[in-house]
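Written out below as structure tokens is the structure these notes cover.
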Amino acid sequence: MARVELMDFDRALELFEPVIGLEVHVELNTATKMFSPAPNPANDANHGAEPNTLVTPVCLGLPGSLPVVNGEAVRKSISLGLALGCEIAPSSRFARKNYFYPDLAKNYQISQYDEPIAFDGEVEVELENGRVFRVPIERAHMEEDAGKLTHVGGSTGRIQGAEYSLVDYNRAGVPLVEIVTRPVVGAEADAPALARAYVSTIRDIALSLGISEARMERGNLRCDANVSLRPRGQEQFGTRTETKNVNSFRSIERAVRYEIQRQAAILAAGGIITQETRHWHEDTGSTSPGRPKSDADDYRYFPEPDLLPVVPSAELIEELRAALPEAPAARRRRLKQEWGFSDDEFQIVANSGMLNELAATVAAGATPAAARKWWTGEIARLANAADRDASSLVSPTHVAELAQLVEAGTLTDRLARQVLEGVVAGEGSPQEIVDARGLAVVSDDGALVAAIDEALAAQPDVLAKIRDGKVQAAGAVIGAVMKAMQGKADAARVRELVLERANAE
Amino acid sequence: MSEISAEQVAHLANLARIALTEEEIAHLTTELGQIMQAVEQVSRVATPDVPPTSHPIPLQNVFRDDVVGDNVLTVEQALSGAPEHDGGRFVVSAILGEEQ
């Protein structure tokens with residue numbers, strides 16, 4: 001492959017203005033597929049099914065099979081459209097997008113073309129640096145997902161030189177909503193971060209609506225990033241490329257940044273950008289050219305003759321609108337105020353992606369400060385060490401219980417960390433672990449006093465110093481007592497008692 | 001008058017994955033040209049007061065409930081018509097570089 005020149009990012013921005021456009025596919029988590037009553041693999045209950053076990057004749061495009069629209073998928077699509085601030089079309093139609101590729105057995109994808117279910121919206125997106133953008137939405141349309149191909153052969157094949165593909169149609173027909181933005185200008189150096197934050201916001205919206213499992217690693221949420229550059233002072237947009245296969249928030253940011261640098265180098269050298277699909281490679285952090293972008297004409301769209309128009313009633317739209325949850329950006333503002341966090345404190349929580357965990361922990365009875373301390377501190381550390389999602393380690397209820405045990409003085413921070421490790425290891429609830437391991441703080445002064453007297457007797461020089469008023473000398477005794485109590489004592493209480501006992505005699 | 005060129009026919013054949021000889025392309029160019037002329041006549045009749053029809057029966061909102069049906073196939077049934085399969089999956093010739 002030819003060596004790819006990249007321009008320094010800051011230099012690229014001096015010469016060119018980046019324009020981005022994002023296409024996000026959201027797999028809906030309905031029980032069944034878009035046009036067939038087959039179980040939907042994008043619903044958690046069916047995740048990981050064996051190949052070709054979630055199919056009906058419709059999913060396989062068998063002759064004579066006919067699609068029927070899943071009403072629940074339409075309702076979820078409308079909810080999503082409303083949450084994106086879109087108008088809902090009084091009448092919308094499905095269309096056939098014709099192409100020959102074995103990921104769909106019928107040689108066309110049922111999509112929407114000139115009459116999408118939702119259009120003209122706007123999404124408020126907050127970047128990690130606190131900057132807020134309004135991203136204009138052109139349309140959100142319903143369609144079906146395609147099957148999954150695994151390429152075998154060539155270098156990896158079992159038959160030398162033979163090349164073939166294996167097809168699993170479980171994903172064929174999964175309900176999808178494709179959300180298309182208008183070109184986004186004005187983000188400048190924040191363009192890569194905006195692309196990332198936008199997709200993250202779509203994920204938050206989908207999760208808050210409960211319409212999708214929205215897990216990028218499972219492909220429930222997929223993003224294609226269009227990037228073009230226009231020379232400073234020029235009105236007309238430059239030629240764009242569409243980068244596919246960007247499957248994590250981090251790669252979206254990296255892919256947009258890479259395309260800006262790559263295109264800038266070509267344009268500055270007098271070259272032209274080819275309008276094409278490019279593939280993102282996570283390992284090398286680069287994109288490579290795919291096929292030239294097909295003309296819409298080549299898909300020969302036409303109205304789907306097997307399906308009838310979708311005409312949602314005004315009552316249904318208003319019912320779904322009334323049921324919408326708070327918008328993510330508004331919710332963040334509200335939580336920040338309710339929790340009394342500083343900008344920095346809140347940004348750390350928001351950027352860690354643990355806002356929902358924190359909210360649930362506070363709802364379960366922890367103070368906001370304690371919830372923040374646990375999630376962004378010890379739990380984040382354990383998650384990092386185990387290379388897992390913090391939310392998969394421990395439930396908000398258990399974190400709240402732990403925080404309350406500390407609040408009540410049953411546990412010290414140190415003991416609470418031990419209990420947390422027990423919870424993560426699956427030993428039970430914090431209270432169960434405290435009971436089972438006998439980890440509670442010794443609050444019986446009698447036991448503490450005995451240990452203190454013993455420690456004072458063992459260190460007469462320290463005792464003398466304390467009596468002379470050198471209070472800081474007490475540290476040595478406190479340490480010895482904490483050790484004797486195996487850490488199960490409240491250090492502040494021990495200190496009080498040490499001073500009391502030393503001066504009592 | 002509607003025209004279709006031999007290049008357009010060849011392009012359509014390629015999109016439809018149909019291999020055509022030069023003779024077949026010439027033949028189809030004539031035939032498709034005639035079809036297009038017929039369509040053009042219909043277009044002339046369809047004045048702006050005639051709404052386009054995408055479905056002959058004026059129905060709308062035909063939905064099904066989101067419930068798993070009784071026609072879900074077993075993997076054996078799903079693969080029963082496949083010329084070749086492997087590990088529960090259909091085997092097809094590789095068509096690389098054309099992912100949609």
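Please note that chains go A, B, ... in the order of the structure tokens, that every chain numbers its residues from 1, and that ligands are numbered from 1 in the order shown.
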
For this session: Using DSSP on the backbone coordinates, identify the residues of stretch 320-396 of chain A assigned to alpha helix (DSSP H); present them as a ChimeraX atom specification.
Result: /A:320-322,328-339,343-351,355-363,368-374,380-386,390-393,396

Which chain B residues are at most 12 Å from chain A (counting only C-alpha atoms), as a tab-separated table (two decimals) with N, CA and C atoms, in the first residue's frame?
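The resulting result11.tsv:
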```tsv
chain	number	residue	atom	x	y	z
B	8	GLN	N	-25.92	2.11	-20.76
B	8	GLN	CA	-26.82	2.03	-19.61
B	8	GLN	C	-27.31	0.61	-19.39
B	11	HIS	N	-24.57	-1.32	-17.84
B	11	HIS	CA	-24.42	-0.92	-16.44
B	11	HIS	C	-25.49	-1.60	-15.56
B	12	LEU	N	-26.73	-1.59	-16.05
B	12	LEU	CA	-27.81	-2.24	-15.31
B	12	LEU	C	-27.57	-3.74	-15.18
B	13	ALA	N	-27.07	-4.34	-16.25
B	13	ALA	CA	-26.79	-5.77	-16.22
B	13	ALA	C	-25.72	-6.07	-15.17
B	14	ASN	N	-24.75	-5.18	-15.11
B	14	ASN	CA	-23.69	-5.36	-14.12
B	14	ASN	C	-24.26	-5.23	-12.70
B	15	LEU	N	-25.14	-4.23	-12.47
B	15	LEU	CA	-25.75	-4.07	-11.15
B	15	LEU	C	-26.59	-5.29	-10.78
B	16	ALA	N	-27.21	-5.88	-11.77
B	16	ALA	CA	-28.08	-7.03	-11.52
B	16	ALA	C	-27.30	-8.35	-11.58
B	17	ARG	N	-26.00	-8.26	-11.76
B	17	ARG	CA	-25.14	-9.45	-11.84
B	17	ARG	C	-25.59	-10.41	-12.93
B	18	ILE	N	-25.93	-9.84	-14.08
B	18	ILE	CA	-26.33	-10.67	-15.22
B	18	ILE	C	-25.27	-10.49	-16.31
B	52	PRO	N	-49.51	9.77	-7.55
B	52	PRO	CA	-48.81	8.53	-7.88
B	52	PRO	C	-49.34	7.36	-7.05
B	53	THR	N	-49.44	6.23	-7.64
B	53	THR	CA	-49.94	5.05	-6.93
B	53	THR	C	-48.79	4.09	-6.68
B	54	SER	N	-48.56	3.76	-5.41
B	54	SER	CA	-47.52	2.77	-5.16
B	54	SER	C	-48.15	1.45	-4.74
B	55	HIS	N	-49.45	1.47	-4.50
B	55	HIS	CA	-50.13	0.25	-4.12
B	55	HIS	C	-51.57	0.32	-4.62
B	56	PRO	N	-52.05	-0.76	-5.22
B	56	PRO	CA	-53.38	-0.70	-5.82
B	56	PRO	C	-54.52	-0.62	-4.80
B	57	ILE	N	-54.28	-1.11	-3.58
B	57	ILE	CA	-55.37	-1.14	-2.60
B	57	ILE	C	-55.13	-0.04	-1.56
B	58	PRO	N	-56.09	0.85	-1.34
B	58	PRO	CA	-55.87	1.95	-0.41
B	58	PRO	C	-55.95	1.52	1.05
B	59	LEU	N	-54.93	0.82	1.50
B	59	LEU	CA	-54.85	0.40	2.90
B	59	LEU	C	-53.63	1.06	3.52
B	60	GLN	N	-53.63	1.15	4.84
B	60	GLN	CA	-52.44	1.67	5.52
B	60	GLN	C	-52.37	1.05	6.91
B	61	ASN	N	-51.21	1.22	7.55
B	61	ASN	CA	-51.02	0.76	8.94
B	61	ASN	C	-51.39	-0.70	9.15
B	62	VAL	N	-50.82	-1.57	8.36
B	62	VAL	CA	-51.01	-2.99	8.62
B	62	VAL	C	-49.80	-3.48	9.42
B	63	PHE	N	-50.03	-3.72	10.69
B	63	PHE	CA	-48.92	-4.09	11.59
B	63	PHE	C	-49.19	-5.45	12.21
B	64	ARG	N	-48.12	-6.05	12.72
B	64	ARG	CA	-48.29	-7.25	13.52
B	64	ARG	C	-47.78	-6.96	14.93
B	65	ASP	N	-48.23	-7.78	15.89
B	65	ASP	CA	-47.75	-7.63	17.26
B	65	ASP	C	-46.31	-8.13	17.36
B	66	ASP	N	-45.60	-7.59	18.34
B	66	ASP	CA	-44.18	-7.95	18.51
B	66	ASP	C	-44.06	-9.26	19.28
B	67	VAL	N	-44.53	-10.33	18.66
B	67	VAL	CA	-44.55	-11.64	19.31
B	67	VAL	C	-43.89	-12.65	18.38
B	68	VAL	N	-43.04	-13.51	18.95
B	68	VAL	CA	-42.33	-14.50	18.13
B	68	VAL	C	-43.34	-15.46	17.49
B	69	GLY	N	-43.17	-15.70	16.20
B	69	GLY	CA	-44.11	-16.53	15.47
B	69	GLY	C	-43.78	-18.01	15.56
B	70	ASP	N	-44.68	-18.83	15.01
B	70	ASP	CA	-44.45	-20.28	15.07
B	70	ASP	C	-43.76	-20.78	13.81
B	71	ASN	N	-43.30	-19.84	12.98
B	71	ASN	CA	-42.64	-20.27	11.74
B	71	ASN	C	-41.12	-20.05	11.79
B	72	VAL	N	-40.56	-19.98	13.01
B	72	VAL	CA	-39.11	-19.85	13.13
B	72	VAL	C	-38.49	-21.20	12.73
B	73	LEU	N	-37.50	-21.13	11.85
B	73	LEU	CA	-36.92	-22.35	11.30
B	73	LEU	C	-35.83	-22.91	12.22
B	74	THR	N	-35.65	-24.21	12.17
B	74	THR	CA	-34.48	-24.79	12.81
B	74	THR	C	-33.32	-24.56	11.85
B	75	VAL	N	-32.09	-24.68	12.36
B	75	VAL	CA	-30.94	-24.44	11.49
B	75	VAL	C	-30.94	-25.45	10.34
B	76	GLU	N	-31.40	-26.68	10.61
B	76	GLU	CA	-31.45	-27.70	9.55
B	76	GLU	C	-32.43	-27.28	8.45
B	77	GLN	N	-33.60	-26.78	8.88
B	77	GLN	CA	-34.58	-26.32	7.89
B	77	GLN	C	-34.02	-25.13	7.11
B	78	ALA	N	-33.38	-24.21	7.85
B	78	ALA	CA	-32.86	-23.00	7.20
B	78	ALA	C	-31.85	-23.36	6.11
B	79	LEU	N	-31.04	-24.37	6.38
B	79	LEU	CA	-29.96	-24.72	5.45
B	79	LEU	C	-30.38	-25.76	4.41
B	80	SER	N	-31.62	-26.23	4.52
B	80	SER	CA	-32.00	-27.38	3.69
B	80	SER	C	-31.96	-27.09	2.19
B	81	GLY	N	-32.12	-25.82	1.82
B	81	GLY	CA	-32.08	-25.51	0.38
B	81	GLY	C	-30.71	-25.04	-0.08
B	82	ALA	N	-29.74	-25.01	0.82
B	82	ALA	CA	-28.44	-24.45	0.46
B	82	ALA	C	-27.60	-25.47	-0.29
B	84	GLU	N	-24.51	-25.56	-0.36
B	84	GLU	CA	-23.37	-25.89	0.49
B	84	GLU	C	-23.51	-25.13	1.81
B	85	HIS	N	-23.16	-25.78	2.91
B	85	HIS	CA	-23.13	-25.06	4.18
B	85	HIS	C	-22.02	-25.60	5.06
B	86	ASP	N	-21.69	-24.82	6.08
B	86	ASP	CA	-20.55	-25.18	6.92
B	86	ASP	C	-20.77	-24.56	8.31
B	87	GLY	N	-20.79	-25.39	9.32
B	87	GLY	CA	-20.92	-24.89	10.69
B	87	GLY	C	-22.20	-24.10	10.90
B	88	GLY	N	-23.30	-24.53	10.28
B	88	GLY	CA	-24.57	-23.83	10.47
B	88	GLY	C	-24.72	-22.59	9.62
B	89	ARG	N	-23.75	-22.34	8.75
B	89	ARG	CA	-23.82	-21.15	7.91
B	89	ARG	C	-23.81	-21.49	6.43
B	90	PHE	N	-24.41	-20.59	5.65
B	90	PHE	CA	-24.44	-20.77	4.20
B	90	PHE	C	-23.05	-20.49	3.63
B	91	VAL	N	-22.64	-21.28	2.67
B	91	VAL	CA	-21.38	-21.01	1.98
B	91	VAL	C	-21.71	-20.31	0.66
B	92	VAL	N	-21.11	-19.16	0.44
B	92	VAL	CA	-21.29	-18.44	-0.83
B	92	VAL	C	-19.92	-18.07	-1.39
B	93	SER	N	-19.86	-17.85	-2.71
B	93	SER	CA	-18.60	-17.40	-3.29
B	93	SER	C	-18.27	-16.04	-2.71
B	94	ALA	N	-17.00	-15.81	-2.46
B	94	ALA	CA	-16.60	-14.52	-1.89
B	94	ALA	C	-16.76	-13.44	-2.93
B	95	ILE	N	-17.41	-12.36	-2.54
B	95	ILE	CA	-17.46	-11.18	-3.39
B	95	ILE	C	-16.82	-10.10	-2.56
B	96	LEU	N	-15.53	-9.95	-2.71
B	96	LEU	CA	-14.82	-9.05	-1.80
B	96	LEU	C	-14.94	-7.61	-2.26
B	97	GLY	N	-14.81	-6.74	-1.29
B	97	GLY	CA	-14.76	-5.31	-1.60
B	97	GLY	C	-16.08	-4.72	-2.03
B	98	GLU	N	-17.18	-5.42	-1.77
B	98	GLU	CA	-18.46	-4.86	-2.18
B	98	GLU	C	-19.44	-4.80	-1.03
B	99	GLU	N	-18.91	-4.78	0.19
B	99	GLU	CA	-19.82	-4.67	1.33
B	99	GLU	C	-20.67	-3.42	1.20
B	100	GLN	N	-21.92	-3.57	1.56
B	100	GLN	CA	-22.79	-2.40	1.55
B	100	GLN	C	-22.66	-1.73	2.90
```

Exercise. Which residues come within 10 Å of A:Leu221, counting only C-alpha atoms, excluding same-chain residues fewer than 5 positions away, as a count of residues only?
Worked result: 20

For this session: Tell me, as a PyMOL selection string, which residues lie within 9 Å of B:Val9, counting only C-alpha atoms; anything in the same chain fewer than 4 positions away does not count.
Result: chain B and resi 4-5+13-14+25-26+28-29+32
